[in-house]
$ cat model_29.pdb   # PDB, C-alpha atoms and all ligand atoms
ATOM      1  CA  MET A 243     -76.444 -39.595  19.705
ATOM      2  CA  ALA A 244     -74.246 -37.989  22.365
ATOM      3  CA  GLU A 245     -76.600 -35.023  22.521
ATOM      4  CA  THR A 246     -79.523 -37.355  23.055
ATOM      5  CA  VAL A 247     -78.038 -39.675  25.667
ATOM      6  CA  ARG A 248     -76.037 -36.959  27.498
ATOM      7  CA  PRO A 249     -73.234 -39.281  28.620
ATOM      8  CA  GLU A 250     -71.161 -38.716  31.735
ATOM      9  CA  GLN A 251     -68.217 -36.455  30.838
ATOM     10  CA  TYR A 252     -64.858 -36.367  32.659
ATOM     11  CA  ASN A 253     -61.363 -34.849  32.550
ATOM     12  CA  GLU A 254     -62.799 -31.895  30.656
ATOM     13  CA  LYS A 255     -60.802 -28.859  29.625
ATOM     14  CA  PRO A 256     -62.116 -25.747  27.907
ATOM     15  CA  PRO A 257     -60.953 -24.696  24.430
ATOM     16  CA  LEU A 258     -57.242 -23.937  24.709
ATOM     17  CA  LEU A 259     -56.211 -22.812  21.246
ATOM     18  CA  ALA A 260     -57.843 -20.689  18.549
ATOM     19  CA  ALA A 261     -56.545 -22.099  15.263
ATOM     20  CA  TYR A 262     -57.205 -20.973  11.707
ATOM     21  CA  TYR A 263     -56.550 -22.561   8.343
ATOM     22  CA  THR A 264     -56.221 -21.001   4.913
ATOM     23  CA  TYR A 265     -54.540 -21.541   1.514
ATOM     24  CA  TRP A 266     -52.112 -19.421  -0.473
ATOM     25  CA  SER A 267     -50.935 -19.356  -4.059
ATOM     26  CA  ASP A 268     -47.414 -18.298  -5.009
ATOM     27  CA  LEU A 269     -45.997 -19.273  -1.645
ATOM     28  CA  PRO A 270     -42.800 -21.229  -2.400
ATOM     29  CA  ILE A 271     -42.383 -24.074   0.070
ATOM     30  CA  ASP A 272     -40.256 -26.530  -1.897
ATOM     31  CA  GLY A 273     -42.149 -29.659  -0.839
ATOM     32  CA  ARG A 274     -41.433 -29.155   2.858
ATOM     33  CA  PHE A 275     -43.555 -29.053   5.981
ATOM     34  CA  GLU A 276     -42.448 -25.985   7.895
ATOM     35  CA  THR A 277     -43.379 -25.221  11.468
ATOM     36  CA  TYR A 278     -42.622 -22.193  13.619
ATOM     37  CA  ILE A 279     -43.059 -21.946  17.366
ATOM     38  CA  ARG A 280     -42.938 -18.547  18.979
ATOM     39  CA  ALA A 281     -44.142 -17.036  22.281
ATOM     40  CA  ARG A 282     -47.922 -17.596  22.449
ATOM     41  CA  ARG A 283     -47.985 -18.308  18.743
ATOM     42  CA  GLY A 284     -47.438 -21.318  16.504
ATOM     43  CA  PHE A 285     -47.956 -21.934  12.830
ATOM     44  CA  ALA A 286     -47.115 -24.377  10.088
ATOM     45  CA  ALA A 287     -47.187 -24.488   6.308
ATOM     46  CA  ALA A 288     -47.334 -27.398   3.893
ATOM     47  CA  PRO A 289     -47.795 -27.783   0.147
ATOM     48  CA  THR A 290     -51.149 -29.146  -0.972
ATOM     49  CA  HIS A 291     -53.303 -29.510  -4.127
ATOM     50  CA  ASP A 292     -53.402 -27.195  -7.138
ATOM     51  CA  GLY A 293     -50.076 -25.588  -6.318
ATOM     52  CA  LEU A 294     -51.480 -24.114  -3.108
ATOM     53  CA  THR A 295     -49.827 -23.951   0.288
ATOM     54  CA  LEU A 296     -51.823 -24.607   3.451
ATOM     55  CA  THR A 297     -51.106 -22.547   6.534
ATOM     56  CA  VAL A 298     -52.456 -23.348   9.958
ATOM     57  CA  GLY A 299     -51.722 -21.355  13.049
ATOM     58  CA  GLY A 300     -53.162 -19.556  15.974
ATOM     59  CA  TRP A 301     -52.988 -18.207  19.485
ATOM     60  CA  PRO A 302     -54.162 -19.125  22.956
ATOM     61  CA  HIS A 303     -57.926 -19.239  23.229
ATOM     62  CA  ALA A 304     -57.769 -16.399  25.757
ATOM     63  CA  GLU A 305     -57.012 -14.123  22.773
ATOM     64  CA  PHE A 306     -59.844 -15.462  20.623
ATOM     65  CA  GLU A 307     -62.357 -12.668  21.255
ATOM     66  CA  THR A 308     -59.850  -9.863  20.754
ATOM     67  CA  ASN A 309     -58.107 -11.300  17.723
ATOM     68  CA  LYS A 310     -61.154 -12.524  15.824
ATOM     69  CA  ARG A 311     -61.905  -8.934  14.812
ATOM     70  CA  ASP A 312     -58.840  -9.012  12.549
ATOM     71  CA  VAL A 313     -57.731 -12.568  11.911
ATOM     72  CA  GLU A 314     -55.682 -11.718   8.835
ATOM     73  CA  GLY A 315     -53.885  -8.809  10.526
ATOM     74  CA  ASN A 316     -53.058 -10.974  13.505
ATOM     75  CA  PHE A 317     -51.911 -13.777  11.225
ATOM     76  CA  ARG A 318     -49.560 -11.459   9.402
ATOM     77  CA  LYS A 319     -48.151 -10.210  12.714
ATOM     78  CA  MET A 320     -47.577 -13.843  13.636
ATOM     79  CA  PHE A 321     -45.769 -14.530  10.351
ATOM     80  CA  ASP A 322     -43.516 -11.527  11.077
ATOM     81  CA  LEU A 323     -42.144 -13.515  14.024
ATOM     82  CA  ALA A 324     -40.397 -15.695  11.415
ATOM     83  CA  PRO A 325     -38.887 -13.028   9.124
ATOM     84  CA  GLU A 326     -37.735 -15.348   6.347
ATOM     85  CA  PHE A 327     -41.190 -16.910   6.114
ATOM     86  CA  ALA A 328     -42.830 -13.474   6.345
ATOM     87  CA  ASP A 329     -40.777 -12.329   3.347
ATOM     88  CA  ARG A 330     -41.995 -15.271   1.322
ATOM     89  CA  ILE A 331     -45.655 -14.905   2.215
ATOM     90  CA  ARG A 332     -45.697 -11.184   1.540
ATOM     91  CA  SER A 333     -45.723 -11.841  -2.185
ATOM     92  CA  ALA A 334     -48.218 -14.733  -1.913
ATOM     93  CA  LYS A 335     -51.944 -14.413  -2.541
ATOM     94  CA  ARG A 336     -54.503 -15.754  -0.118
ATOM     95  CA  ALA A 337     -56.707 -18.196  -2.028
ATOM     96  CA  ALA A 338     -59.387 -19.000   0.571
ATOM     97  CA  PRO A 339     -61.084 -17.436   3.581
ATOM     98  CA  PHE A 340     -59.731 -18.200   7.043
ATOM     99  CA  ALA A 341     -61.502 -21.160   8.642
ATOM    100  CA  GLY A 342     -61.267 -21.198  12.431
ATOM    101  CA  ALA A 343     -61.655 -23.957  14.973
ATOM    102  CA  ALA A 344     -61.497 -24.242  18.743
ATOM    103  CA  VAL A 345     -62.566 -27.463  20.374
ATOM    104  CA  THR A 346     -63.433 -28.490  23.892
ATOM    105  CA  ASN A 347     -61.486 -31.350  25.371
ATOM    106  CA  TYR A 348     -63.287 -34.216  27.104
ATOM    107  CA  PHE A 349     -63.743 -37.900  27.726
ATOM    108  CA  ARG A 350     -67.238 -39.380  27.777
ATOM    109  CA  LYS A 351     -68.508 -42.669  29.062
ATOM    110  CA  PRO A 352     -68.923 -44.219  25.623
ATOM    111  CA  TYR A 353     -71.775 -46.640  26.161
ATOM    112  CA  GLY A 354     -75.123 -47.222  27.769
ATOM    113  CA  PRO A 355     -78.181 -49.363  27.215
ATOM    114  CA  GLY A 356     -78.511 -49.761  23.465
ATOM    115  CA  TRP A 357     -75.963 -47.179  22.425
ATOM    116  CA  ALA A 358     -72.224 -46.610  22.105
ATOM    117  CA  LEU A 359     -69.955 -43.767  21.012
ATOM    118  CA  VAL A 360     -66.743 -43.767  18.979
ATOM    119  CA  GLY A 361     -64.339 -41.065  17.849
ATOM    120  CA  ASP A 362     -64.924 -37.442  18.736
ATOM    121  CA  ALA A 363     -68.359 -38.228  20.125
ATOM    122  CA  GLY A 364     -66.697 -40.203  22.921
ATOM    123  CA  TYR A 365     -63.360 -38.497  23.333
ATOM    124  CA  ASN A 366     -62.204 -35.192  21.904
ATOM    125  CA  LYS A 367     -59.140 -33.008  22.138
ATOM    126  CA  ASP A 368     -57.477 -30.115  20.385
ATOM    127  CA  PRO A 369     -56.295 -31.128  16.896
ATOM    128  CA  ILE A 370     -52.780 -29.755  17.475
ATOM    129  CA  THR A 371     -51.352 -33.285  17.733
ATOM    130  CA  ALA A 372     -53.452 -34.589  14.818
ATOM    131  CA  GLN A 373     -54.493 -37.809  16.558
ATOM    132  CA  GLY A 374     -58.269 -37.744  16.052
ATOM    133  CA  ILE A 375     -58.579 -39.860  12.904
ATOM    134  CA  ASN A 376     -56.372 -42.663  14.247
ATOM    135  CA  ASP A 377     -58.241 -42.534  17.538
ATOM    136  CA  ALA A 378     -61.611 -42.761  15.818
ATOM    137  CA  PHE A 379     -60.566 -45.797  13.753
ATOM    138  CA  ARG A 380     -59.108 -47.499  16.826
ATOM    139  CA  ASP A 381     -62.299 -46.858  18.810
ATOM    140  CA  ALA A 382     -64.409 -48.256  15.994
ATOM    141  CA  GLU A 383     -62.302 -51.412  15.877
ATOM    142  CA  ARG A 384     -62.407 -51.889  19.645
ATOM    143  CA  LEU A 385     -66.097 -51.200  19.854
ATOM    144  CA  ALA A 386     -66.870 -53.630  17.026
ATOM    145  CA  GLY A 387     -64.901 -56.328  18.856
ATOM    146  CA  GLY A 388     -66.796 -55.678  22.089
ATOM    147  CA  VAL A 389     -70.212 -55.581  20.439
ATOM    148  CA  GLY A 390     -69.351 -58.795  18.593
ATOM    149  CA  GLU A 391     -68.544 -60.487  21.890
ATOM    150  CA  ALA A 392     -71.756 -59.250  23.468
ATOM    151  CA  LEU A 393     -73.960 -60.225  20.545
ATOM    152  CA  GLY A 394     -72.242 -63.606  20.272
ATOM    153  CA  GLY A 395     -72.961 -64.285  23.945
ATOM    154  CA  ALA A 396     -69.294 -64.460  24.942
ATOM    155  CA  ARG A 397     -69.753 -61.796  27.646
ATOM    156  CA  PRO A 398     -72.307 -59.281  28.834
ATOM    157  CA  PHE A 399     -72.574 -55.999  26.909
ATOM    158  CA  GLU A 400     -71.749 -54.003  30.044
ATOM    159  CA  ALA A 401     -68.489 -55.905  30.667
ATOM    160  CA  ALA A 402     -67.361 -55.693  27.043
ATOM    161  CA  MET A 403     -68.096 -51.960  26.917
ATOM    162  CA  ALA A 404     -66.378 -51.288  30.238
ATOM    163  CA  ASP A 405     -63.256 -52.879  28.769
ATOM    164  CA  TYR A 406     -63.621 -50.785  25.630
ATOM    165  CA  GLN A 407     -63.749 -47.607  27.715
ATOM    166  CA  GLN A 408     -60.883 -48.662  29.960
ATOM    167  CA  ALA A 409     -58.645 -49.608  27.027
ATOM    168  CA  ARG A 410     -59.409 -46.364  25.205
ATOM    169  CA  ASP A 411     -58.684 -44.213  28.231
ATOM    170  CA  ALA A 412     -55.468 -46.054  29.068
ATOM    171  CA  GLN A 413     -54.219 -45.781  25.509
ATOM    172  CA  VAL A 414     -54.827 -42.064  25.059
ATOM    173  CA  ALA A 415     -54.303 -40.697  28.585
ATOM    174  CA  SER A 416     -50.793 -39.347  28.136
ATOM    175  CA  MET A 417     -51.473 -38.093  24.601
ATOM    176  CA  TYR A 418     -54.486 -36.217  25.949
ATOM    177  CA  ASP A 419     -52.360 -34.493  28.593
ATOM    178  CA  PHE A 420     -49.573 -33.804  26.093
ATOM    179  CA  THR A 421     -52.064 -32.398  23.573
ATOM    180  CA  CYS A 422     -53.679 -30.120  26.135
ATOM    181  CA  GLU A 423     -50.254 -28.936  27.260
ATOM    182  CA  LEU A 424     -49.163 -28.133  23.694
ATOM    183  CA  ALA A 425     -52.438 -26.421  22.867
ATOM    184  CA  THR A 426     -51.844 -23.774  25.526
ATOM    185  CA  LEU A 427     -48.807 -22.600  23.487
ATOM    186  CA  ALA A 428     -47.050 -22.043  26.808
ATOM    187  CA  PRO A 429     -43.299 -22.729  26.912
ATOM    188  CA  PRO A 430     -42.495 -26.317  27.927
ATOM    189  CA  PRO A 431     -41.468 -26.907  31.539
ATOM    190  CA  PRO A 432     -37.664 -26.707  31.987
ATOM    191  CA  GLU A 433     -37.073 -30.462  32.104
ATOM    192  CA  ARG A 434     -39.120 -30.913  28.909
ATOM    193  CA  ALA A 435     -37.180 -28.136  27.189
ATOM    194  CA  GLN A 436     -33.969 -29.841  28.247
ATOM    195  CA  LEU A 437     -35.088 -33.151  26.798
ATOM    196  CA  LEU A 438     -36.217 -31.621  23.521
ATOM    197  CA  GLY A 439     -32.955 -29.728  23.217
ATOM    198  CA  ALA A 440     -30.995 -32.906  23.812
ATOM    199  CA  ILE A 441     -32.719 -34.993  21.141
ATOM    200  CA  ALA A 442     -32.002 -32.517  18.366
ATOM    201  CA  GLY A 443     -29.316 -33.947  16.115
ATOM    202  CA  ARG A 444     -29.532 -37.537  17.436
ATOM    203  CA  GLN A 445     -31.276 -39.606  14.829
ATOM    204  CA  TRP A 446     -32.543 -42.345  17.135
ATOM    205  CA  ALA A 447     -33.990 -39.811  19.551
ATOM    206  CA  MET A 448     -35.487 -37.763  16.736
ATOM    207  CA  ASP A 449     -37.078 -40.963  15.399
ATOM    208  CA  GLY A 450     -38.616 -41.556  18.832
ATOM    209  CA  PHE A 451     -39.914 -38.002  18.898
ATOM    210  CA  ALA A 452     -41.461 -38.475  15.457
ATOM    211  CA  GLN A 453     -43.002 -41.765  16.605
ATOM    212  CA  MET A 454     -44.541 -40.048  19.599
ATOM    213  CA  ASN A 455     -46.002 -37.330  17.428
ATOM    214  CA  ALA A 456     -47.360 -39.924  15.017
ATOM    215  CA  GLY A 457     -49.067 -41.627  17.958
ATOM    216  CA  THR A 458     -47.222 -44.938  17.630
ATOM    217  CA  ILE A 459     -45.578 -44.598  21.050
ATOM    218  CA  PRO A 460     -47.316 -42.747  23.874
ATOM    219  CA  PRO A 461     -45.838 -39.548  25.321
ATOM    220  CA  ALA A 462     -45.714 -41.329  28.698
ATOM    221  CA  GLN A 463     -43.103 -43.606  27.162
ATOM    222  CA  PHE A 464     -41.070 -41.073  25.241
ATOM    223  CA  LEU A 465     -41.180 -38.438  27.987
ATOM    224  CA  SER A 466     -40.749 -40.987  30.767
ATOM    225  CA  PRO A 467     -39.323 -39.813  34.082
ATOM    226  CA  GLN A 468     -36.308 -42.062  33.522
ATOM    227  CA  ASN A 469     -35.480 -40.180  30.362
ATOM    228  CA  ILE A 470     -36.254 -36.767  31.769
ATOM    229  CA  ALA A 471     -34.435 -37.390  35.041
ATOM    230  CA  ALA A 472     -31.302 -38.715  33.402
ATOM    231  CA  PRO A 473     -28.127 -36.990  34.574
ATOM    232  CA  ALA A 474     -27.607 -33.672  32.908
ATOM    233  CA  GLY A 475     -24.434 -34.956  31.286
ATOM    234  CA  ALA A 476     -26.387 -37.213  28.981
ATOM    235  CA  TYR A 477     -28.951 -34.598  28.004
ATOM    236  CA  SER A 478     -26.653 -31.667  27.769
ATOM    237  CA  LEU A 479     -24.526 -33.276  25.120
ATOM    238  CA  PRO A 480     -23.804 -30.796  22.383
ATOM    239  CA  PRO A 481     -25.014 -31.740  18.912
ATOM    240  CA  ARG A 482     -23.172 -34.372  16.963
ATOM    241  CA  GLY A 483     -19.679 -33.321  16.007
ATOM    242  CA  VAL A 484     -19.369 -30.692  18.757
ATOM    243  CA  ALA A 485     -16.730 -31.405  21.355
ATOM    244  CA  GLY A 486     -17.127 -31.113  25.116
ATOM    245  CA  SER A 487     -19.938 -33.470  26.061
ATOM    246  CA  GLY A 488     -18.327 -34.344  29.371
ATOM    247  CA  LEU A 489     -18.983 -38.059  28.802
ATOM    248  CA  SER A 490     -16.495 -40.699  27.821
ATOM    249  CA  ALA A 491     -15.943 -41.332  24.146
ATOM    250  CA  THR A 492     -17.658 -44.698  24.535
ATOM    251  CA  ALA A 493     -20.770 -43.220  26.131
ATOM    252  CA  THR A 494     -20.930 -40.453  23.603
ATOM    253  CA  TRP A 495     -20.581 -42.912  20.765
ATOM    254  CA  TRP A 496     -23.478 -44.996  22.092
ATOM    255  CA  ILE A 497     -25.768 -42.054  22.621
ATOM    256  CA  ARG A 498     -25.128 -40.766  19.183
ATOM    257  CA  ASN A 499     -24.938 -43.903  17.146
ATOM    258  CA  CYS A 500     -26.514 -47.103  18.261
ATOM    259  CA  PRO A 501     -28.842 -47.226  21.245
ATOM    260  CA  PRO A 502     -31.796 -49.574  20.820
ATOM    261  CA  SER A 503     -35.112 -48.186  19.582
ATOM    262  CA  TRP A 504     -37.308 -46.250  21.979
ATOM    263  CA  SER A 505     -39.651 -49.164  22.318
ATOM    264  CA  SER A 506     -36.982 -51.632  23.310
ATOM    265  CA  VAL A 507     -35.499 -49.086  25.714
ATOM    266  CA  SER A 508     -38.872 -48.625  27.317
ATOM    267  CA  LYS A 509     -39.735 -52.334  27.444
ATOM    268  CA  ARG A 510     -36.688 -52.844  29.559
ATOM    269  CA  ASN A 511     -37.554 -49.724  31.545
ATOM    270  CA  ARG A 512     -34.208 -48.126  30.840
ATOM    271  CA  SER A 513     -33.203 -44.577  30.178
ATOM    272  CA  ILE A 514     -30.767 -43.209  27.680
ATOM    273  CA  THR A 515     -28.215 -43.168  30.460
ATOM    274  CA  ASP A 516     -28.848 -46.810  31.334
ATOM    275  CA  VAL A 517     -28.189 -47.731  27.768
ATOM    276  CA  VAL A 518     -24.986 -45.772  27.784
ATOM    277  CA  GLN A 519     -23.804 -47.359  30.994
ATOM    278  CA  SER A 520     -24.639 -50.936  30.154
ATOM    279  CA  SER A 521     -23.993 -51.245  26.450
ATOM    280  CA  PRO A 522     -20.438 -50.350  25.526
ATOM    281  CA  PRO A 523     -19.495 -50.988  21.929
ATOM    282  CA  ALA A 524     -17.526 -54.102  21.144
ATOM    283  CA  ALA A 525     -13.793 -53.730  21.581
ATOM    284  CA  GLY A 526     -12.049 -52.564  18.477
ATOM    285  CA  ARG A 527     -15.216 -51.160  16.883
ATOM    286  CA  ASP A 528     -14.808 -47.943  14.957
ATOM    287  CA  MET A 529     -15.550 -45.089  17.375
ATOM    288  CA  SER A 530     -15.256 -42.253  14.950
TER
HETATM  289  C1  LIG B 601     -59.723 -28.051  12.672
HETATM  290  C2  LIG B 601     -59.456 -29.516  12.885
HETATM  291  C3  LIG B 601     -58.320 -30.072  12.360
HETATM  292  C4  LIG B 601     -58.062 -31.438  12.546
HETATM  293  N1  LIG B 601     -56.918 -31.992  12.029
HETATM  294  C5  LIG B 601     -56.691 -33.309  12.193
HETATM  295  C6  LIG B 601     -55.539 -33.925  11.636
HETATM  296  O1  LIG B 601     -54.730 -33.289  10.978
HETATM  297  N2  LIG B 601     -55.352 -35.261  11.840
HETATM  298  C7  LIG B 601     -56.244 -36.007  12.558
HETATM  299  O2  LIG B 601     -56.037 -37.205  12.731
HETATM  300  N3  LIG B 601     -57.330 -35.438  13.108
HETATM  301  C8  LIG B 601     -57.585 -34.131  12.930
HETATM  302  N4  LIG B 601     -58.702 -33.578  13.472
HETATM  303  C9  LIG B 601     -59.596 -34.427  14.273
HETATM  304  C10 LIG B 601     -60.438 -35.303  13.343
HETATM  305  O3  LIG B 601     -61.053 -34.531  12.327
HETATM  306  C11 LIG B 601     -61.512 -35.985  14.175
HETATM  307  O4  LIG B 601     -60.948 -36.511  15.353
HETATM  308  C12 LIG B 601     -62.160 -37.103  13.392
HETATM  309  O5  LIG B 601     -62.736 -36.593  12.198
HETATM  310  C13 LIG B 601     -63.222 -37.774  14.249
HETATM  311  O6  LIG B 601     -63.941 -38.681  13.460
HETATM  312  P1  LIG B 601     -65.417 -39.033  13.867
HETATM  313  O7  LIG B 601     -65.886 -40.044  12.874
HETATM  314  O8  LIG B 601     -65.477 -39.347  15.308
HETATM  315  O9  LIG B 601     -66.241 -37.670  13.714
HETATM  316  P2  LIG B 601     -66.511 -36.815  12.420
HETATM  317  O10 LIG B 601     -65.421 -36.907  11.436
HETATM  318  O11 LIG B 601     -66.916 -35.466  12.942
HETATM  319  O12 LIG B 601     -67.751 -37.524  11.770
HETATM  320  C14 LIG B 601     -69.044 -37.462  12.343
HETATM  321  C15 LIG B 601     -70.033 -37.359  11.207
HETATM  322  O13 LIG B 601     -71.347 -37.543  11.722
HETATM  323  C16 LIG B 601     -72.189 -36.604  11.100
HETATM  324  N5  LIG B 601     -73.348 -36.417  11.966
HETATM  325  C17 LIG B 601     -73.425 -35.718  13.101
HETATM  326  N6  LIG B 601     -74.663 -35.784  13.610
HETATM  327  C18 LIG B 601     -75.374 -36.539  12.763
HETATM  328  C19 LIG B 601     -76.727 -36.979  12.747
HETATM  329  N7  LIG B 601     -77.581 -36.648  13.700
HETATM  330  N8  LIG B 601     -77.125 -37.729  11.710
HETATM  331  C20 LIG B 601     -76.275 -38.090  10.728
HETATM  332  N9  LIG B 601     -74.983 -37.710  10.709
HETATM  333  C21 LIG B 601     -74.551 -36.940  11.706
HETATM  334  C22 LIG B 601     -71.334 -35.366  10.939
HETATM  335  O14 LIG B 601     -71.851 -34.523   9.959
HETATM  336  C23 LIG B 601     -69.997 -35.984  10.534
HETATM  337  O15 LIG B 601     -69.900 -36.165   9.152
HETATM  338  C24 LIG B 601     -58.978 -32.227  13.288
HETATM  339  C25 LIG B 601     -60.139 -31.639  13.817
HETATM  340  C26 LIG B 601     -60.376 -30.292  13.619
HETATM  341  C27 LIG B 601     -61.625 -29.694  14.208
END
$ encode --input "model_29.pdb" --output "structure tokens" --more "lines below"
Ligand SMILES: Cc1cc2nc3c(=O)[nH]c(=O)nc-3n(C[C@H](O)[C@H](O)[C@H](O)COP(=O)(O)OP(=O)(O)OC[C@H]3O[C@@H](n4cnc5c(N)ncnc54)[C@H](O)[C@@H]3O)c2cc1C
Amino acid sequence: MAETVRPEQYNEKPPLLAAYYTYWSDLPIDGRFETYIRARRGFAAAPTHDGLTLTVGGWPHAEFETNKRDVEGNFRKMFDLAPEFADRIRSAKRAAPFAGAAVTNYFRKPYGPGWALVGDAGYNKDPITAQGINDAFRDAERLAGGVGEALGGARPFEAAMADYQQARDAQVASMYDFTCELATLAPPPPERAQLLGAIAGRQWAMDGFAQMNAGTIPPAQFLSPQNIAAPAGAYSLPPRGVAGSGLSATATWWIRNCPPSWSSVSKRNRSITDVVQSSPPAAGRDMS
């Protein structure tokens, strides 16, 4: 349909990542999902059916032409960047050919006279953040609602579809930018690196990070300027149990133990630091 109607396309980006998938037997993984991020490289492994282990990984699309001549050799060089994993995979046996994928990134106007687009046909991005299936289902639901309104005479088709497009774009905008940023495999900007370093070891922050990656809270919320711009003291806290945070015991306790969920923090437009400053624990509560 999209090929036929040639819809208006916007916010396009070329392929950013060349990714390849394959399966291995005799690759012990112990039920875990493992992921490794290295300079200009990233890969992951996960157990799957028939005792096989899936690996997915790749390099920036700029290296696609050069590296496609020897995908396996380049994969093995990439594994060597994680020596413990490389040791394990050396004795494994590849059980499938490499399957490669590189996608263009775009938004399309998803409707016109007598037609509408959902899913990848209307909006596509690199699969590195694994959002496409959720997005496609959400589009289908929104579109069905809009078409139902139009067919039922509640509002004109054009108005219902314009809302569908607007809602889609608003919902996915920050995930699209985040996805395209990740897909370059470039190091995160310094303030992002600082934030990511600070959430490690704090369960509530790690939960928020997992929520963002699952697509249940948008990156614009998790990576909000309030959070990123918080005073260095809050973000440079050493991991739990390490002394020397520079904050009071009360503040440290709150950061580490009981701030509200990310969503309630964001609803009130507050940063981690706000929470620390305004929510001291009740007197006499165990601060250990
Ligand atoms: C390598 C890779 C890995 C991915 N990993 C993930 C992931 O882990 N998690 C995730 O959520 N998303 C992932 N995605 C994205 C996800 O697959 C897509 O976003 C999702 O499948 C989009 O669904 P869709 O229904 O829009 O399109 P599709 O799933 O592509 O379905 C469109 C269907 O229409 C058919 N079709 C096309 N033209 C015609 C025609 N003329 N007549 C009849 N049928 C036609 C196609 O054959 C296809 O079956 C990945 C994508 C890629 C490329």
$ resolve_selection --input "model_29.pdb" --expression "the PyMOL selection byres (((not hetatm)) within 7 of (chain B and resi 601))" --output "PyMOL selection string"
chain A and resi 243+343+345+360-363+366+369+372-378
$ resolve_selection --input "model_29.pdb" --expression "the PyMOL selection byres (((chain A and resi 246) around 12) and not hetatm)" --output "list in words"
Met243, Ala244, Glu245, Val247, Arg248, Pro249, Gly354, Trp357, Ala358, Leu359 and Ala363 of chain A
$ atom_distance --input "model_29.pdb" --atom1 "atom CA of Val298 of chain A" --atom2 "atom CA of Arg282 of chain A"
14.5 Å
$ residues_around --input "model_29.pdb" --residues "Phe464 of chain A" --least-positions-apart "3" --cutoff "7 Å" --atoms "all atoms listed in the file" --output "number ranges by chain"
A: 450, 454, 460-461
$ closest_residue --input "model_29.pdb" --among "A:Trp266, A:Ser333, A:Gly342, A:Ala260" --to "Phe306 of chain A" --atoms "only C-alpha atoms"
A:Ala260
$ closest_residue --input "model_29.pdb" --among "A:Arg434, A:Arg330, A:Gly284, A:Tyr252" --to "Asp272 of chain A" --atoms "all atoms listed in the file"
A:Arg330
$ atom_distance --input "model_29.pdb" --atom1 "atom CA of Ile370 of chain A" --atom2 "atom CA of Ser416 of chain A"
14.5 Å
$ build_atoms --input "model_29.pdb" --residues "segment 360-373 of chain A" --atoms "N, CA and C atoms" --output "PDB file, in the frame of the given file"
ATOM      1  N   VAL A 360     -68.143 -43.648  19.416  1.00  0.00           N
ATOM      2  CA  VAL A 360     -66.743 -43.767  18.979  1.00  0.00           C
ATOM      3  C   VAL A 360     -66.245 -42.391  18.549  1.00  0.00           C
ATOM      4  N   GLY A 361     -64.937 -42.284  18.398  1.00  0.00           N
ATOM      5  CA  GLY A 361     -64.339 -41.065  17.849  1.00  0.00           C
ATOM      6  C   GLY A 361     -64.627 -39.847  18.712  1.00  0.00           C
ATOM      7  N   ASP A 362     -64.753 -38.711  18.023  1.00  0.00           N
ATOM      8  CA  ASP A 362     -64.924 -37.442  18.736  1.00  0.00           C
ATOM      9  C   ASP A 362     -66.160 -37.440  19.638  1.00  0.00           C
ATOM     10  N   ALA A 363     -67.144 -38.218  19.301  1.00  0.00           N
ATOM     11  CA  ALA A 363     -68.359 -38.228  20.125  1.00  0.00           C
ATOM     12  C   ALA A 363     -68.046 -38.751  21.529  1.00  0.00           C
ATOM     13  N   GLY A 364     -67.015 -39.607  21.627  1.00  0.00           N
ATOM     14  CA  GLY A 364     -66.697 -40.203  22.921  1.00  0.00           C
ATOM     15  C   GLY A 364     -65.477 -39.606  23.598  1.00  0.00           C
ATOM     16  N   TYR A 365     -64.629 -39.005  22.789  1.00  0.00           N
ATOM     17  CA  TYR A 365     -63.360 -38.497  23.333  1.00  0.00           C
ATOM     18  C   TYR A 365     -62.831 -37.454  22.359  1.00  0.00           C
ATOM     19  N   ASN A 366     -62.609 -36.246  22.832  1.00  0.00           N
ATOM     20  CA  ASN A 366     -62.204 -35.192  21.904  1.00  0.00           C
ATOM     21  C   ASN A 366     -61.092 -34.360  22.513  1.00  0.00           C
ATOM     22  N   LYS A 367     -60.240 -33.857  21.658  1.00  0.00           N
ATOM     23  CA  LYS A 367     -59.140 -33.008  22.138  1.00  0.00           C
ATOM     24  C   LYS A 367     -58.702 -32.088  21.012  1.00  0.00           C
ATOM     25  N   ASP A 368     -57.951 -31.075  21.368  1.00  0.00           N
ATOM     26  CA  ASP A 368     -57.477 -30.115  20.385  1.00  0.00           C
ATOM     27  C   ASP A 368     -56.746 -30.857  19.255  1.00  0.00           C
ATOM     28  N   PRO A 369     -56.945 -30.418  18.008  1.00  0.00           N
ATOM     29  CA  PRO A 369     -56.295 -31.128  16.896  1.00  0.00           C
ATOM     30  C   PRO A 369     -54.801 -30.860  16.757  1.00  0.00           C
ATOM     31  N   ILE A 370     -54.188 -30.141  17.666  1.00  0.00           N
ATOM     32  CA  ILE A 370     -52.780 -29.755  17.475  1.00  0.00           C
ATOM     33  C   ILE A 370     -51.859 -30.968  17.300  1.00  0.00           C
ATOM     34  N   THR A 371     -52.202 -32.092  17.895  1.00  0.00           N
ATOM     35  CA  THR A 371     -51.352 -33.285  17.733  1.00  0.00           C
ATOM     36  C   THR A 371     -51.878 -34.228  16.645  1.00  0.00           C
ATOM     37  N   ALA A 372     -52.959 -33.846  15.988  1.00  0.00           N
ATOM     38  CA  ALA A 372     -53.452 -34.589  14.818  1.00  0.00           C
ATOM     39  C   ALA A 372     -53.641 -36.085  15.090  1.00  0.00           C
ATOM     40  N   GLN A 373     -54.303 -36.397  16.191  1.00  0.00           N
ATOM     41  CA  GLN A 373     -54.493 -37.809  16.558  1.00  0.00           C
ATOM     42  C   GLN A 373     -55.916 -38.309  16.292  1.00  0.00           C
TER      43      GLN A 373
END
